$ cat input_5.cif   # mmCIF, C-alpha atoms and all ligand atoms
data_protein
#
loop_
_atom_site.label_atom_id
_atom_site.label_comp_id
_atom_site.auth_asym_id
_atom_site.auth_seq_id
_atom_site.Cartn_x
_atom_site.Cartn_y
_atom_site.Cartn_z
CA MET A 7 -5.38 18.19 6.08
CA MET A 8 -4.61 21.09 3.69
CA GLU A 9 -0.96 22.06 3.71
CA ASN A 10 -1.08 25.20 1.59
CA ASN A 11 -2.49 26.42 -1.73
CA THR A 12 0.09 24.72 -3.88
CA ASP A 13 -0.06 21.42 -2.04
CA LYS A 14 -2.65 18.77 -2.59
CA CYS A 15 -4.86 17.61 0.22
CA LYS A 16 -3.24 14.57 1.77
CA TYR A 17 -5.04 11.86 3.70
CA LEU A 18 -3.57 8.83 5.41
CA GLY A 19 -5.34 5.50 5.23
CA ALA A 20 -5.01 1.74 5.44
CA ILE A 21 -5.80 -0.72 2.68
CA HIS A 22 -6.38 -4.44 3.25
CA ALA A 23 -7.91 -5.24 6.62
CA HIS A 24 -9.94 -8.26 7.72
CA THR A 25 -12.91 -8.35 10.08
CA LEU A 26 -14.96 -11.05 11.79
CA HIS A 27 -16.60 -11.61 8.40
CA SER A 28 -13.43 -13.51 7.45
CA ASP A 29 -10.36 -14.30 9.55
CA GLY A 30 -9.99 -10.99 11.35
CA THR A 31 -10.95 -10.67 15.02
CA GLY A 32 -12.46 -7.17 15.11
CA ASP A 33 -15.84 -5.77 14.09
CA ILE A 34 -16.16 -2.62 12.05
CA ASN A 35 -17.11 -0.51 15.07
CA SER A 36 -13.91 -1.32 16.96
CA ILE A 37 -11.71 -1.29 13.84
CA SER A 38 -12.91 2.17 12.81
CA LYS A 39 -12.41 3.47 16.37
CA THR A 40 -8.85 2.13 16.33
CA ALA A 41 -8.21 3.71 12.92
CA LYS A 42 -9.47 7.07 14.19
CA LYS A 43 -7.22 6.83 17.23
CA ALA A 44 -4.26 6.05 14.97
CA GLY A 45 -4.90 9.28 13.05
CA LEU A 46 -6.16 7.72 9.82
CA SER A 47 -8.87 9.25 7.64
CA TRP A 48 -9.97 6.15 5.75
CA VAL A 49 -9.79 2.35 5.79
CA ILE A 50 -10.47 -0.16 3.05
CA ILE A 51 -11.76 -3.50 4.36
CA THR A 52 -11.09 -6.55 2.19
CA ASP A 53 -12.43 -9.73 3.75
CA HIS A 54 -11.59 -13.05 2.11
CA ASN A 55 -14.32 -13.98 -0.39
CA ASN A 56 -16.82 -11.91 1.57
CA PHE A 57 -18.62 -8.61 1.01
CA ASP A 58 -20.78 -8.33 4.11
CA VAL A 59 -19.06 -5.62 6.12
CA GLN A 60 -20.87 -2.32 6.58
CA GLU A 61 -19.40 0.73 4.86
CA GLY A 62 -19.97 4.45 5.41
CA ILE A 63 -18.63 7.09 7.73
CA ILE A 64 -18.18 5.11 10.94
CA ASN A 65 -16.68 6.70 14.06
CA GLY A 66 -15.32 9.51 11.89
CA ILE A 67 -13.55 7.16 9.47
CA TYR A 68 -14.44 6.64 5.83
CA VAL A 69 -14.88 2.86 5.74
CA ILE A 70 -14.89 1.45 2.21
CA LYS A 71 -15.37 -2.20 1.43
CA GLY A 72 -13.63 -4.31 -1.16
CA GLU A 73 -12.93 -8.01 -1.26
CA GLU A 74 -9.79 -10.08 -1.09
CA ILE A 75 -10.57 -12.69 -3.70
CA SER A 76 -8.77 -15.66 -2.16
CA PRO A 77 -8.24 -18.94 -3.96
CA ASP A 78 -6.85 -21.54 -1.49
CA TYR A 79 -3.44 -21.84 -3.10
CA GLY A 80 -2.53 -18.14 -3.51
CA ASN A 81 -3.04 -15.47 -6.18
CA HIS A 82 -5.03 -13.36 -3.74
CA TYR A 83 -6.50 -10.32 -5.44
CA ILE A 84 -7.55 -7.11 -3.69
CA ALA A 85 -10.72 -6.11 -5.57
CA LEU A 86 -11.85 -2.51 -5.17
CA GLY A 87 -14.62 -0.41 -6.73
CA ILE A 88 -16.98 -3.39 -6.91
CA ASN A 89 -20.59 -3.37 -5.68
CA GLU A 90 -21.13 -7.04 -5.06
CA LEU A 91 -19.25 -10.20 -4.09
CA ILE A 92 -17.12 -11.68 -6.84
CA ASP A 93 -17.15 -15.48 -6.68
CA HIS A 94 -13.58 -16.67 -6.57
CA SER A 95 -12.17 -18.84 -9.29
CA ASP A 96 -8.97 -20.87 -9.07
CA ASN A 97 -7.94 -19.12 -12.27
CA CYS A 98 -6.57 -15.70 -11.34
CA GLN A 99 -7.03 -14.35 -14.86
CA ASP A 100 -10.77 -15.05 -14.49
CA ASN A 101 -10.78 -13.13 -11.21
CA ILE A 102 -9.06 -10.14 -12.83
CA TYR A 103 -11.64 -10.16 -15.67
CA ALA A 104 -14.53 -10.57 -13.24
CA VAL A 105 -13.44 -7.52 -11.25
CA LYS A 106 -13.03 -5.45 -14.43
CA SER A 107 -16.39 -6.56 -15.80
CA LYS A 108 -18.06 -5.30 -12.61
CA GLY A 109 -16.42 -1.90 -13.05
CA GLY A 110 -13.76 -2.49 -10.43
CA PHE A 111 -9.98 -2.72 -10.35
CA GLY A 112 -7.56 -4.79 -8.35
CA PHE A 113 -4.12 -5.40 -6.89
CA ALA A 114 -2.09 -8.62 -6.69
CA ALA A 115 -1.80 -9.20 -2.93
CA HIS A 116 1.46 -10.24 -1.22
CA PRO A 117 2.84 -11.48 -4.55
CA ASP A 118 6.23 -12.68 -3.29
CA GLU A 119 5.70 -14.30 0.11
CA SER A 120 8.84 -16.17 1.07
CA GLU A 121 9.13 -19.92 0.50
CA ILE A 122 11.86 -20.13 3.11
CA ARG A 123 10.10 -19.78 6.44
CA ASN A 124 10.94 -20.78 9.99
CA ASN A 125 7.29 -21.36 10.80
CA SER A 126 4.38 -23.53 9.81
CA PHE A 127 2.39 -20.96 7.77
CA SER A 128 2.66 -21.79 4.10
CA PRO A 129 3.35 -18.88 1.75
CA LEU A 130 0.64 -17.58 -0.59
CA LYS A 131 2.14 -16.03 -3.68
CA TRP A 132 1.15 -14.64 -7.06
CA THR A 133 2.09 -17.80 -8.90
CA ASP A 134 2.24 -16.65 -12.50
CA LYS A 135 3.90 -13.30 -13.10
CA ASN A 136 2.69 -13.34 -16.72
CA VAL A 137 -0.88 -12.94 -15.51
CA ILE A 138 -1.13 -9.18 -15.24
CA PRO A 139 -3.12 -7.52 -12.46
CA ASP A 140 -4.31 -3.89 -12.59
CA GLY A 141 -1.91 -3.00 -9.78
CA VAL A 142 0.48 -4.48 -7.24
CA GLU A 143 0.51 -4.53 -3.45
CA ILE A 144 4.24 -3.85 -3.17
CA TRP A 145 4.43 -4.10 0.63
CA ASN A 146 2.30 -6.14 3.00
CA LEU A 147 2.85 -5.81 6.75
CA PHE A 148 1.36 -9.10 7.93
CA SER A 149 2.94 -11.03 5.12
CA GLN A 150 6.44 -9.67 5.77
CA TRP A 151 6.10 -10.36 9.48
CA GLY A 152 4.96 -13.89 8.61
CA ASP A 153 7.95 -14.38 6.31
CA ASN A 154 10.33 -13.51 9.15
CA TYR A 155 8.44 -15.00 12.10
CA ASN A 156 10.45 -17.75 13.72
CA ASP A 157 8.53 -20.25 15.87
CA SER A 158 11.44 -22.66 16.46
CA ASN A 159 11.55 -22.02 20.19
CA ILE A 160 10.10 -19.85 22.92
CA PHE A 161 12.87 -17.24 22.57
CA THR A 162 12.49 -16.76 18.82
CA ILE A 163 8.72 -16.63 19.28
CA ALA A 164 9.03 -13.99 22.01
CA TYR A 165 11.41 -11.99 19.82
CA SER A 166 8.94 -12.04 16.92
CA TYR A 167 6.22 -10.59 19.13
CA LEU A 168 8.22 -8.16 21.23
CA PHE A 169 10.48 -6.83 18.48
CA LYS A 170 8.01 -7.14 15.64
CA GLN A 171 9.30 -3.94 14.04
CA ASN A 172 12.64 -5.72 13.44
CA LEU A 173 10.84 -8.21 11.20
CA ILE A 174 9.62 -5.37 8.96
CA THR A 175 12.31 -4.33 6.51
CA LYS A 176 11.40 -2.95 3.09
CA PRO A 177 9.39 -4.00 0.04
CA TYR A 178 10.94 -7.03 -1.66
CA LYS A 179 13.22 -6.25 -4.61
CA LYS A 180 11.53 -9.02 -6.55
CA THR A 181 8.17 -7.29 -6.15
CA LEU A 182 9.52 -3.84 -7.03
CA ASP A 183 11.21 -5.32 -10.12
CA TRP A 184 7.94 -6.91 -11.23
CA TRP A 185 6.06 -3.66 -10.62
CA ASP A 186 8.64 -1.73 -12.68
CA GLU A 187 8.43 -4.33 -15.43
CA LEU A 188 4.63 -3.97 -15.57
CA ASN A 189 5.03 -0.18 -15.74
CA ASN A 190 7.61 -0.47 -18.52
CA LYS A 191 5.18 -2.56 -20.57
CA ASN A 192 2.25 -0.22 -20.02
CA SER A 193 1.94 3.39 -21.23
CA LYS A 194 -0.33 4.24 -18.27
CA ILE A 195 0.50 3.97 -14.57
CA VAL A 196 0.34 0.50 -13.04
CA PRO A 197 -0.37 1.65 -9.48
CA ALA A 198 1.03 0.27 -6.25
CA ILE A 199 -0.45 0.10 -2.77
CA ALA A 200 0.71 -0.92 0.67
CA GLY A 201 -1.38 -3.50 2.48
CA SER A 202 -1.78 -3.73 6.24
CA ASP A 203 -3.43 -7.15 6.00
CA ALA A 204 -4.64 -6.40 9.51
CA HIS A 205 -6.23 -9.39 11.27
CA GLU A 206 -5.23 -9.05 14.93
CA LEU A 207 -5.09 -12.83 15.16
CA LYS A 208 -5.41 -14.09 18.72
CA ILE A 209 -3.25 -17.04 19.65
CA THR A 210 -4.17 -18.76 22.91
CA LYS A 211 -1.85 -21.74 22.92
CA TYR A 212 0.80 -19.97 25.00
CA ILE A 213 0.51 -19.24 28.73
CA ILE A 214 -0.26 -15.59 28.00
CA PRO A 215 -2.64 -15.19 25.03
CA VAL A 216 -1.03 -13.03 22.35
CA LYS A 217 -2.36 -10.86 19.57
CA ILE A 218 -0.45 -10.94 16.32
CA LEU A 219 -0.10 -7.48 14.82
CA SER A 220 -3.01 -5.68 16.43
CA TYR A 221 -5.20 -3.31 14.43
CA ALA A 222 -3.68 -0.46 16.46
CA TYR A 223 -0.13 -1.45 15.47
CA SER A 224 -1.09 -2.14 11.85
CA PHE A 225 -2.72 1.29 11.50
CA LYS A 226 0.48 3.00 12.63
CA THR A 227 2.87 1.12 10.37
CA ILE A 228 2.62 0.48 6.62
CA LEU A 229 0.09 2.89 5.15
CA ASN A 230 -1.00 4.88 2.11
CA GLN A 231 -1.10 8.66 1.90
CA ILE A 232 -3.40 9.74 -0.94
CA HIS A 233 -3.17 13.12 -2.67
CA LEU A 234 -6.40 14.81 -3.73
CA ASN A 235 -7.19 18.01 -5.66
CA LYS A 236 -9.76 19.05 -3.10
CA PRO A 237 -10.68 18.07 0.44
CA LEU A 238 -12.55 14.82 1.03
CA SER A 239 -16.27 15.34 0.67
CA LYS A 240 -18.48 15.10 3.75
CA ASP A 241 -20.75 12.96 1.61
CA PHE A 242 -19.68 9.33 1.88
CA LYS A 243 -20.44 8.37 -1.71
CA GLN A 244 -18.42 11.25 -3.09
CA ALA A 245 -15.55 10.71 -0.65
CA LYS A 246 -15.48 7.01 -1.53
CA GLU A 247 -15.10 7.92 -5.19
CA GLN A 248 -12.29 10.38 -4.37
CA ILE A 249 -10.38 7.77 -2.35
CA LEU A 250 -10.85 4.93 -4.83
CA ASN A 251 -9.90 7.14 -7.80
CA ALA A 252 -6.73 8.21 -6.03
CA VAL A 253 -5.79 4.58 -5.33
CA LYS A 254 -6.66 3.51 -8.87
CA ASN A 255 -4.58 6.31 -10.41
CA GLY A 256 -1.55 5.87 -8.16
CA ASN A 257 -2.04 9.23 -6.41
CA ASN A 258 -0.52 7.78 -3.26
CA ILE A 259 2.71 7.38 -1.38
CA ILE A 260 3.42 4.17 0.51
CA VAL A 261 5.01 4.76 3.88
CA ASN A 262 6.20 2.99 7.01
CA LEU A 263 4.96 5.57 9.49
CA SER A 264 6.50 3.74 12.45
CA LEU A 265 9.94 4.98 11.33
CA CYS A 266 9.03 8.67 11.23
CA LYS A 267 5.73 10.56 11.41
CA LYS A 268 6.82 13.18 8.87
CA ILE A 269 6.07 11.76 5.45
CA PRO A 270 8.40 13.13 2.76
CA ASN A 271 6.97 15.33 0.00
CA ILE A 272 7.70 13.70 -3.34
CA TYR A 273 6.65 15.52 -6.52
CA ILE A 274 7.85 16.97 -9.81
CA LEU A 275 8.08 20.71 -10.21
CA ASN A 276 7.29 21.51 -13.82
CA ASN A 277 7.55 25.17 -14.71
CA ASN A 278 6.71 25.96 -11.08
CA SER A 279 3.61 23.80 -10.93
CA LYS A 280 3.56 20.72 -8.72
CA VAL A 281 2.85 17.35 -10.28
CA GLN A 282 2.06 14.49 -7.90
CA CYS A 283 2.38 10.72 -8.01
CA GLY A 284 0.29 9.05 -10.66
CA GLU A 285 0.06 12.20 -12.78
CA THR A 286 1.45 13.02 -16.22
CA LEU A 287 3.33 16.11 -17.41
CA LYS A 288 5.04 17.43 -20.52
CA LEU A 289 8.82 17.83 -20.19
CA ASP A 290 9.91 21.43 -20.01
CA ASN A 291 13.39 22.85 -19.70
CA ASP A 292 12.44 23.65 -16.14
CA THR A 293 11.42 20.19 -14.82
CA TYR A 294 12.75 18.91 -11.50
CA ILE A 295 11.99 15.92 -9.32
CA ASN A 296 11.79 17.07 -5.72
CA VAL A 297 11.98 15.26 -2.41
CA GLU A 298 11.69 17.10 0.89
CA CYS A 299 11.94 15.49 4.29
CA LYS A 300 12.40 16.64 7.86
CA ARG A 301 15.13 14.03 8.42
CA LYS A 302 18.16 12.93 6.49
CA ILE A 303 17.10 9.94 4.40
CA LYS A 304 18.49 7.86 1.56
CA ILE A 305 16.72 9.02 -1.59
CA THR A 306 16.79 6.96 -4.78
CA VAL A 307 15.25 8.11 -8.04
CA VAL A 308 14.14 5.31 -10.36
CA LYS A 309 13.49 5.96 -14.05
CA ASP A 310 11.76 3.20 -16.04
CA GLY A 311 12.95 0.65 -13.49
CA THR A 312 16.59 1.84 -13.40
CA LYS A 313 18.12 3.67 -10.45
CA ILE A 314 19.48 6.97 -11.78
CA ASN A 315 20.39 8.85 -8.62
CA THR A 316 21.00 8.04 -4.95
CA THR A 317 21.72 10.61 -2.30
CA ASN A 318 21.69 10.86 1.50
CA SER A 319 20.02 14.12 2.34
CA LYS A 320 16.94 15.91 3.65
CA ASN A 321 16.25 17.26 0.17
CA LEU A 322 16.75 16.40 -3.45
CA LYS A 323 16.16 18.57 -6.48
CA LEU A 324 17.12 16.76 -9.66
CA LYS A 325 16.72 18.25 -13.14
CA LEU A 326 14.98 15.96 -15.60
CA SER A 327 15.89 16.06 -19.27
CA GLU A 328 14.38 12.84 -20.57
CA SER A 329 10.90 11.42 -20.84
CA GLY A 330 10.04 8.33 -18.80
CA LYS A 331 8.28 7.06 -15.71
CA TYR A 332 9.95 8.39 -12.58
CA ARG A 333 9.45 7.16 -9.04
CA VAL A 334 11.24 7.67 -5.73
CA GLU A 335 12.27 5.24 -3.00
CA THR A 336 13.48 6.41 0.38
CA GLU A 337 15.11 4.62 3.29
CA LEU A 338 15.65 5.67 6.87
CA ASN A 339 18.35 3.89 8.90
CA GLY A 340 18.51 1.12 6.33
CA LYS A 341 14.77 0.44 6.38
CA GLY A 342 12.19 1.11 3.70
CA PHE A 343 10.45 4.40 4.48
CA ALA A 344 8.43 6.08 1.69
CA TYR A 345 7.80 4.92 -1.88
CA SER A 346 6.09 7.05 -4.48
CA ASN A 347 3.98 5.84 -7.36
CA PRO A 348 5.42 6.79 -10.75
CA ILE A 349 4.98 10.16 -12.43
CA ILE A 350 4.91 10.09 -16.25
CA VAL A 351 7.15 12.64 -17.98
CA GLU A 352 6.28 12.96 -21.69
CA ASP A 353 8.24 14.61 -24.46
ZN ZN B 401 -4.10 -12.77 1.27
ZN ZN B 402 -5.43 -10.48 3.57
#

$ encode --input "input_5.cif" --output "structure tokens"
Amino acid sequence: MMENNTDKCKYLGAIHAHTLHSDGTGDINSISKTAKKAGLSWVIITDHNNFDVQEGIINGIYVIKGEEISPDYGNHYIALGINELIDHSDNCQDNIYAVKSKGGFGFAAHPDESEIRNNSFSPLKWTDKNVIPDGVEIWNLFSQWGDNYNDSNIFTIAYSYLFKQNLITKPYKKTLDWWDELNNKNSKIVPAIAGSDAHELKITKYIIPVKILSYAYSFKTILNQIHLNKPLSKDFKQAKEQILNAVKNGNNIIVNLSLCKKIPNIYILNNNSKVQCGETLKLDNDTYINVECKRKIKITVVKDGTKINTTNSKNLKLKLSESGKYRVETELNGKGFAYSNPIIVED
């Protein structure tokens, strides 16, 4: 959708979904139909240690395949921009190198799953924070639900299914801190994504069979809005490159769309030209970070990992006078809403 001449073209999509080729329960025909119905433009499928799903324009959705490289014990790695299956190693550094050597890039998946759980699913974490991925999945829907799912008794189970949105809070501080730390160590952008981790697991052990986090629900919740210089190509190969480049460069905002359908605009206005997430600009004496939203939200500006401004408002226009990496976090009613990738301001 084009907003106007000065705005980039923005497209909503989901990253990290599983199909019948691994532990998901949907095929690509039904998943793409569901994504279309949810209003998405694109979906990135990442089956565990599998690269068999079909890609292309399917039911009006750009379906791109990656792989979730999944050692048994954790260190799952979302590998994108690859053209073949990467055999998984138990050494996550080897997996990172393997993806790079095939021309791809990757994101540490659900790096901080909780160890303290009221259920029988064991957490899968990124075990060694000194092993540096290309990017970080800062928010994972399925994983956060799993962290908060309580299967102690029938009431807590029912609550987890019926009020699933209450189990979804905000990205973990630990993960955001790690992401900031990686950005502080790197002159370029270390990008972040949101992961749906959509499986639509079907559990039949209860009287009424239940679906855990359906594809339909997942595709309306924690998503990525990419910003492009021009509209998505009608040609799949070109569009795929546009989407993957945007994700690789951090030209995306991470959003919980279930809180509010109007995604805030987050950008820097530099001498009247708009600079979007993942981009770089030269500091001017007319440089402002801007946030615009239809609702009153809590807006926090983070510079090089430090919070420098917090305000409750529909809008923020903050003059910048120092170089650094700036990003914005927003909350709505105490819940995580929209998170920008950093913008680099140079002297
Ligand atoms: Zn995983
Ligand atoms: Zn997954």

$ closest_residue --input "input_5.cif" --among "A:His205, A:Trp145, A:Gly32, A:Glu90" --to "ligand ZN 402 (chain B)" --atoms "only C-alpha atoms and all ligand atoms"
A:His205

$ atom_distance --input "input_5.cif" --atom1 "atom CA of Tyr68 of chain A" --atom2 "atom CA of Gly112 of chain A"
19.5 Å

$ atom_distance --input "input_5.cif" --atom1 "atom CA of Tyr103 of chain A" --atom2 "atom CA of Ser76 of chain A"
14.9 Å

$ closest_residue --input "input_5.cif" --among "A:Gly141, A:Leu188, A:Ala164, A:Ala200" --to "ligand ZN 402 (chain B)" --atoms "only C-alpha atoms and all ligand atoms"
A:Ala200

$ residues_near_ligand --input "input_5.cif" --ligand "ligand ZN 401 (chain B)" --cutoff "9 Å" --atoms "all atoms listed in the file" --output "CSV table (one decimal) with C-alpha atoms, in the coordinates of the input"
chain,number,residue,atom,x,y,z
A,22,HIS,CA,-6.4,-4.4,3.2
A,54,HIS,CA,-11.6,-13.0,2.1
A,74,GLU,CA,-9.8,-10.1,-1.1
A,75,ILE,CA,-10.6,-12.7,-3.7
A,76,SER,CA,-8.8,-15.7,-2.2
A,80,GLY,CA,-2.5,-18.1,-3.5
A,81,ASN,CA,-3.0,-15.5,-6.2
A,82,HIS,CA,-5.0,-13.4,-3.7
A,83,TYR,CA,-6.5,-10.3,-5.4
A,84,ILE,CA,-7.6,-7.1,-3.7
A,115,ALA,CA,-1.8,-9.2,-2.9
A,116,HIS,CA,1.5,-10.2,-1.2
A,130,LEU,CA,0.6,-17.6,-0.6
A,131,LYS,CA,2.1,-16.0,-3.7
A,149,SER,CA,2.9,-11.0,5.1
A,203,ASP,CA,-3.4,-7.2,6.0

$ closest_residue --input "input_5.cif" --among "A:Arg123, A:Lys325, A:Lys43, A:Lys194" --to "Leu289 of chain A" --atoms "all atoms listed in the file"
A:Lys325

$ residues_around --input "input_5.cif" --residues "Thr227 of chain A" --least-positions-apart "3" --cutoff "7 Å" --atoms "only C-alpha atoms" --output "list in words"
Tyr223, Ser224, Asn262, Leu263 and Ser264 of chain A

$ closest_residue --input "input_5.cif" --among "A:Asn55, A:Phe127, A:Thr210, A:Tyr79" --to "Ile92 of chain A" --atoms "only C-alpha atoms"
A:Asn55

$ residues_around --input "input_5.cif" --residues "Ile174 of chain A" --least-positions-apart "2" --cutoff "7 Å" --atoms "only C-alpha atoms" --output "list in words"
Gln150, Trp151, Gln171, Asn172 and Lys176 of chain A

$ residues_around --input "input_5.cif" --residues "Ile249 of chain A" --least-positions-apart "5" --cutoff "12 Å" --atoms "all atoms listed in the file" --output "ChimeraX atom specification"
/A:15-21,47-50,68-71,86-87,230-239,242-244,254-258

$ closest_residue --input "input_5.cif" --among "A:Glu61, A:Gly72, A:Trp184, A:Lys341" --to "ligand ZN 402 (chain B)" --atoms "only C-alpha atoms and all ligand atoms"
A:Gly72

$ atom_distance --input "input_5.cif" --atom1 "atom CA of Thr293 of chain A" --atom2 "atom CA of Tyr345 of chain A"
20.3 Å

$ closest_residue --input "input_5.cif" --among "A:Tyr273, A:Phe57, A:Phe161, A:Phe148" --to "ligand ZN 402 (chain B)" --atoms "only C-alpha atoms and all ligand atoms"
A:Phe148

$ residues_near_point --input "input_5.cif" --point "(5.5, 0.5, -7.4)" --cutoff "10 Å" --atoms "all atoms listed in the file" --output "compact mmCIF listing (two decimals) with C-alpha atoms, in the frame of the given file"
# COMPACT_ATOMS: atom_id res chain seq x y z
CA GLY A 141 -1.91 -3.00 -9.78
CA VAL A 142 0.48 -4.48 -7.24
CA GLU A 143 0.51 -4.53 -3.45
CA ILE A 144 4.24 -3.85 -3.17
CA TRP A 145 4.43 -4.10 0.63
CA PRO A 177 9.39 -4.00 0.04
CA THR A 181 8.17 -7.29 -6.15
CA LEU A 182 9.52 -3.84 -7.03
CA ASP A 183 11.21 -5.32 -10.12
CA TRP A 184 7.94 -6.91 -11.23
CA TRP A 185 6.06 -3.66 -10.62
CA ASP A 186 8.64 -1.73 -12.68
CA GLU A 187 8.43 -4.33 -15.43
CA LEU A 188 4.63 -3.97 -15.57
CA ASN A 189 5.03 -0.18 -15.74
CA ILE A 195 0.50 3.97 -14.57
CA VAL A 196 0.34 0.50 -13.04
CA PRO A 197 -0.37 1.65 -9.48
CA ALA A 198 1.03 0.27 -6.25
CA ILE A 199 -0.45 0.10 -2.77
CA ALA A 200 0.71 -0.92 0.67
CA GLY A 256 -1.55 5.87 -8.16
CA ILE A 259 2.71 7.38 -1.38
CA ILE A 260 3.42 4.17 0.51
CA GLY A 311 12.95 0.65 -13.49
CA ARG A 333 9.45 7.16 -9.04
CA VAL A 334 11.24 7.67 -5.73
CA GLU A 335 12.27 5.24 -3.00
CA TYR A 345 7.80 4.92 -1.88
CA SER A 346 6.09 7.05 -4.48
CA ASN A 347 3.98 5.84 -7.36
CA PRO A 348 5.42 6.79 -10.75

$ residues_around --input "input_5.cif" --residues "Ser126 of chain A" --least-positions-apart "6" --cutoff "12 Å" --atoms "only C-alpha atoms" --output "PyMOL selection string"
chain A and resi 152-158

$ residues_near_point --input "input_5.cif" --point "(-14.7, 4.6, 16.4)" --cutoff "12 Å" --atoms "only C-alpha atoms" --output "PDB file with C-alpha atoms, in the frame of the given file"
ATOM      1  CA  ASP A  33     -15.840  -5.770  14.090  1.00  0.00           C
ATOM      2  CA  ILE A  34     -16.160  -2.620  12.050  1.00  0.00           C
ATOM      3  CA  ASN A  35     -17.110  -0.510  15.070  1.00  0.00           C
ATOM      4  CA  SER A  36     -13.910  -1.320  16.960  1.00  0.00           C
ATOM      5  CA  ILE A  37     -11.710  -1.290  13.840  1.00  0.00           C
ATOM      6  CA  SER A  38     -12.910   2.170  12.810  1.00  0.00           C
ATOM      7  CA  LYS A  39     -12.410   3.470  16.370  1.00  0.00           C
ATOM      8  CA  THR A  40      -8.850   2.130  16.330  1.00  0.00           C
ATOM      9  CA  ALA A  41      -8.210   3.710  12.920  1.00  0.00           C
ATOM     10  CA  LYS A  42      -9.470   7.070  14.190  1.00  0.00           C
ATOM     11  CA  LYS A  43      -7.220   6.830  17.230  1.00  0.00           C
ATOM     12  CA  ALA A  44      -4.260   6.050  14.970  1.00  0.00           C
ATOM     13  CA  GLY A  45      -4.900   9.280  13.050  1.00  0.00           C
ATOM     14  CA  LEU A  46      -6.160   7.720   9.820  1.00  0.00           C
ATOM     15  CA  SER A  47      -8.870   9.250   7.640  1.00  0.00           C
ATOM     16  CA  TRP A  48      -9.970   6.150   5.750  1.00  0.00           C
ATOM     17  CA  VAL A  49      -9.790   2.350   5.790  1.00  0.00           C
ATOM     18  CA  ILE A  63     -18.630   7.090   7.730  1.00  0.00           C
ATOM     19  CA  ILE A  64     -18.180   5.110  10.940  1.00  0.00           C
ATOM     20  CA  ASN A  65     -16.680   6.700  14.060  1.00  0.00           C
ATOM     21  CA  GLY A  66     -15.320   9.510  11.890  1.00  0.00           C
ATOM     22  CA  ILE A  67     -13.550   7.160   9.470  1.00  0.00           C
ATOM     23  CA  TYR A  68     -14.440   6.640   5.830  1.00  0.00           C
ATOM     24  CA  VAL A  69     -14.880   2.860   5.740  1.00  0.00           C
TER      25      VAL A  69
END

$ decode --input "input_5.cif" --residues "segment 237-250 of chain A" --atoms "C-alpha atoms" --output "PDB file, in the first residue's frame"
ATOM      1  CA  PRO A 237       6.117  -1.196  -4.592  1.00  0.00           C
ATOM      2  CA  LEU A 238       6.645  -4.947  -4.437  1.00  0.00           C
ATOM      3  CA  SER A 239       7.341  -6.346  -7.870  1.00  0.00           C
ATOM      4  CA  LYS A 240       4.740  -8.572  -9.527  1.00  0.00           C
ATOM      5  CA  ASP A 241       7.642 -10.842 -10.383  1.00  0.00           C
ATOM      6  CA  PHE A 242       8.191 -13.298  -7.535  1.00  0.00           C
ATOM      7  CA  LYS A 243      11.979 -13.427  -7.774  1.00  0.00           C
ATOM      8  CA  GLN A 244      12.282  -9.660  -7.627  1.00  0.00           C
ATOM      9  CA  ALA A 245       9.716  -9.325  -4.846  1.00  0.00           C
ATOM     10  CA  LYS A 246      11.505 -12.015  -2.845  1.00  0.00           C
ATOM     11  CA  GLU A 247      14.725 -10.030  -3.112  1.00  0.00           C
ATOM     12  CA  GLN A 248      12.930  -6.836  -2.013  1.00  0.00           C
ATOM     13  CA  ILE A 249      11.425  -8.544   1.051  1.00  0.00           C
ATOM     14  CA  LEU A 250      14.604 -10.352   2.087  1.00  0.00           C
TER      15      LEU A 250
END
